[in-house]
Amino acid sequence: MADKIVIGREVAVDFGDEIQAVPAKVDTGADGSAVWASEIFVDEDHILHFKLFGKGSKYYTGIEHTTSEFSVIMTKSSLGGTALKYRVKLSIVIAGRRIRASFGLSDRATHNYPVLIGRRTLNKKFIVDVSLSNNLVKVKKNTPGGLNTRMKKDPYKFYKETYLNGVTKK
């Protein structure tokens, strides 16, 4: 256990010299890891092409990555939806340790973190202490429009406007 590095619930990940200190969410509830990728396609020669991150990301370099060694996976979200993703091996550095890990390529533009680190990547290499955080990302609130403020003013009125009028999904 002495060779394992203790990390927090978020870490900075380096993808080579050109992409450094990318904020990543450490998710021990997720089996696999994922990275924001764009312009993903397979050509006629069976080569997978992709660019890490998207044009709206400060980590986007426009560098096209290619590989003939890839697989596909069917992923399931916490909301029950499924998606087909390409999976590739990438060399990364986490907490000073260089590792080769498998990543699902997906559009993570709407996620707080452009990278998710799951159990397979963490296994036998890292110990996660969830009390540790580097505050790498200002996390978006999950209560848009001051929902709690509106609810506290008049809980019954809020209930009628939201639950009874179908604003929430049952």
# chains A, B, ... in the order shown; residues from 1 in each chain; ligands from 1
call {"tool": "closest_atom_pairs", "arguments": {"of": "segment 68-126 of chain A", "to": "segment 19-36 of chain A", "cutoff": "6 Å", "atoms": "only C-alpha atoms", "output": "Markdown table"}}
result
| residue | atom | partner | partner_atom | distance |
| --- | --- | --- | --- | --- |
| A:Phe103 | CA | A:Ala34 | CA | 4.8 |
| A:Gly104 | CA | A:Ala34 | CA | 4.5 |
| A:Leu105 | CA | A:Val35 | CA | 5.5 |
| A:Ser106 | CA | A:Trp36 | CA | 5.2 |
| A:Asp107 | CA | A:Trp36 | CA | 5.1 |
| A:Arg108 | CA | A:Trp36 | CA | 4.8 |
| A:Tyr113 | CA | A:Ala24 | CA | 5.5 |
| A:Pro114 | CA | A:Trp36 | CA | 5.3 |
| A:Val115 | CA | A:Val35 | CA | 4.5 |
| A:Leu116 | CA | A:Lys25 | CA | 4.9 |
| A:Ile117 | CA | A:Ser33 | CA | 4.6 |
| A:Gly118 | CA | A:Ser33 | CA | 4.6 |
| A:Arg119 | CA | A:Asp31 | CA | 5.0 |
| A:Arg120 | CA | A:Gly32 | CA | 5.8 |
call {"tool": "select_by_dssp", "arguments": {"residues": "segment 19-150 of chain A", "states": "strand (DSSP E or B)", "output": "PyMOL selection string"}}
result
chain A and resi 19-26+33-42+48-52+64-67+71-76+82-94+97-106+115-117+126-128
call {"tool": "select_by_dssp", "arguments": {"residues": "chain A", "states": "alpha helix (DSSP H)", "output": "number ranges by chain"}}
result
A: 119-122, 147-153, 155-162
call {"tool": "write_last_selection", "arguments": {"atoms": "N, CA and C atoms", "output": "PDB file, in the first residue's frame"}}
result
ATOM      1  N   ARG A 119     -12.817   3.924 -11.414  1.00  0.00           N
ATOM      2  CA  ARG A 119     -12.157   2.885 -10.612  1.00  0.00           C
ATOM      3  C   ARG A 119     -11.046   2.139 -11.344  1.00  0.00           C
ATOM      4  N   ARG A 120     -11.250   1.789 -12.594  1.00  0.00           N
ATOM      5  CA  ARG A 120     -10.221   1.015 -13.311  1.00  0.00           C
ATOM      6  C   ARG A 120      -8.898   1.771 -13.392  1.00  0.00           C
ATOM      7  N   THR A 121      -8.970   3.073 -13.556  1.00  0.00           N
ATOM      8  CA  THR A 121      -7.752   3.882 -13.612  1.00  0.00           C
ATOM      9  C   THR A 121      -7.119   4.020 -12.234  1.00  0.00           C
ATOM     10  N   LEU A 122      -7.943   4.090 -11.209  1.00  0.00           N
ATOM     11  CA  LEU A 122      -7.462   4.279  -9.835  1.00  0.00           C
ATOM     12  C   LEU A 122      -6.903   3.007  -9.222  1.00  0.00           C
ATOM     13  N   LEU A 147     -34.016  28.310  -6.840  1.00  0.00           N
ATOM     14  CA  LEU A 147     -35.140  27.450  -6.453  1.00  0.00           C
ATOM     15  C   LEU A 147     -35.367  27.415  -4.948  1.00  0.00           C
ATOM     16  N   ASN A 148     -34.301  27.281  -4.183  1.00  0.00           N
ATOM     17  CA  ASN A 148     -34.480  27.219  -2.732  1.00  0.00           C
ATOM     18  C   ASN A 148     -34.975  28.533  -2.168  1.00  0.00           C
ATOM     19  N   THR A 149     -34.520  29.654  -2.733  1.00  0.00           N
ATOM     20  CA  THR A 149     -35.011  30.959  -2.280  1.00  0.00           C
ATOM     21  C   THR A 149     -36.500  31.081  -2.547  1.00  0.00           C
ATOM     22  N   ARG A 150     -36.926  30.705  -3.753  1.00  0.00           N
ATOM     23  CA  ARG A 150     -38.359  30.748  -4.085  1.00  0.00           C
ATOM     24  C   ARG A 150     -39.158  29.813  -3.199  1.00  0.00           C
ATOM     25  N   MET A 151     -38.630  28.625  -2.955  1.00  0.00           N
ATOM     26  CA  MET A 151     -39.348  27.646  -2.152  1.00  0.00           C
ATOM     27  C   MET A 151     -39.507  28.135  -0.715  1.00  0.00           C
ATOM     28  N   LYS A 152     -38.485  28.756  -0.141  1.00  0.00           N
ATOM     29  CA  LYS A 152     -38.546  29.211   1.253  1.00  0.00           C
ATOM     30  C   LYS A 152     -39.539  30.347   1.458  1.00  0.00           C
ATOM     31  N   LYS A 153     -39.747  31.164   0.428  1.00  0.00           N
ATOM     32  CA  LYS A 153     -40.707  32.270   0.544  1.00  0.00           C
ATOM     33  C   LYS A 153     -42.117  31.758   0.770  1.00  0.00           C
ATOM     34  N   PRO A 155     -43.504  27.781   0.532  1.00  0.00           N
ATOM     35  CA  PRO A 155     -43.379  26.380   0.121  1.00  0.00           C
ATOM     36  C   PRO A 155     -44.612  25.819  -0.588  1.00  0.00           C
ATOM     37  N   TYR A 156     -45.814  26.208  -0.148  1.00  0.00           N
ATOM     38  CA  TYR A 156     -47.022  25.668  -0.772  1.00  0.00           C
ATOM     39  C   TYR A 156     -47.170  26.204  -2.199  1.00  0.00           C
ATOM     40  N   LYS A 157     -46.970  27.503  -2.381  1.00  0.00           N
ATOM     41  CA  LYS A 157     -47.061  28.097  -3.716  1.00  0.00           C
ATOM     42  C   LYS A 157     -46.011  27.469  -4.636  1.00  0.00           C
ATOM     43  N   PHE A 158     -44.805  27.285  -4.126  1.00  0.00           N
ATOM     44  CA  PHE A 158     -43.739  26.664  -4.902  1.00  0.00           C
ATOM     45  C   PHE A 158     -44.144  25.246  -5.328  1.00  0.00           C
ATOM     46  N   TYR A 159     -44.708  24.501  -4.401  1.00  0.00           N
ATOM     47  CA  TYR A 159     -45.166  23.133  -4.699  1.00  0.00           C
ATOM     48  C   TYR A 159     -46.201  23.156  -5.821  1.00  0.00           C
ATOM     49  N   LYS A 160     -47.168  24.049  -5.720  1.00  0.00           N
ATOM     50  CA  LYS A 160     -48.214  24.122  -6.746  1.00  0.00           C
ATOM     51  C   LYS A 160     -47.627  24.491  -8.106  1.00  0.00           C
ATOM     52  N   GLU A 161     -46.705  25.441  -8.126  1.00  0.00           N
ATOM     53  CA  GLU A 161     -46.125  25.900  -9.397  1.00  0.00           C
ATOM     54  C   GLU A 161     -45.201  24.869 -10.038  1.00  0.00           C
ATOM     55  N   THR A 162     -44.520  24.091  -9.233  1.00  0.00           N
ATOM     56  CA  THR A 162     -43.535  23.167  -9.798  1.00  0.00           C
ATOM     57  C   THR A 162     -44.076  21.757  -9.947  1.00  0.00           C
TER      58      THR A 162
END
call {"tool": "atom_distance", "arguments": {"atom1": "atom CA of Ser102 of chain A", "atom2": "atom CA of Val88 of chain A"}}
result
5.5 Å
call {"tool": "residues_around", "arguments": {"residues": "Asp45 of chain A", "least_positions_apart": "3", "cutoff": "10 Å", "atoms": "only C-alpha atoms", "output": "ChimeraX atom specification"}}
result
/A:42,48,68
call {"tool": "write_last_selection", "arguments": {"atoms": "N, CA and C atoms", "output": "short mmCIF file (atom, residue, chain, number, x, y, z; two decimals), in the first residue's frame"}}
result
data_model
loop_
_atom_site.label_atom_id
_atom_site.label_comp_id
_atom_site.auth_asym_id
_atom_site.auth_seq_id
_atom_site.Cartn_x
_atom_site.Cartn_y
_atom_site.Cartn_z
N VAL A 42 -14.19 7.37 -37.64
CA VAL A 42 -13.37 6.26 -38.11
C VAL A 42 -13.30 6.37 -39.63
N LEU A 48 -9.21 5.42 -36.06
CA LEU A 48 -10.04 6.34 -35.27
C LEU A 48 -9.32 7.68 -35.17
N SER A 68 -5.24 2.95 -34.36
CA SER A 68 -5.93 1.78 -34.91
C SER A 68 -6.31 0.83 -33.77
#
call {"tool": "residues_around", "arguments": {"residues": "segment 57-61 of chain A", "least_positions_apart": "3", "cutoff": "8 Å", "atoms": "only C-alpha atoms", "output": "list of chain:residue names"}}
result
A:Glu18, A:Ile19, A:Val22, A:Lys51, A:Leu52, A:Phe53, A:Gly54, A:Ala109
call {"tool": "atom_distance", "arguments": {"atom1": "atom CA of Lys125 of chain A", "atom2": "atom CA of Val93 of chain A"}}
result
11.9 Å
call {"tool": "atom_distance", "arguments": {"atom1": "atom CA of Glu69 of chain A", "atom2": "atom CA of Leu84 of chain A"}}
result
16.8 Å
call {"tool": "residues_around", "arguments": {"residues": "Thr66 of chain A", "least_positions_apart": "4", "cutoff": "7 Å", "atoms": "only C-alpha atoms", "output": "VMD selection string"}}
result
chain A and resid 47 to 50
call {"tool": "closest_residue", "arguments": {"among": "A:Ile40, A:Phe126, A:Ser133, A:Glu64", "to": "Arg98 of chain A", "atoms": "only C-alpha atoms"}}
result
A:Phe126
call {"tool": "closest_residue", "arguments": {"among": "A:Ala95, A:Asp129, A:Asn112, A:Asp154", "to": "Asp14 of chain A", "atoms": "only C-alpha atoms"}}
result
A:Ala95
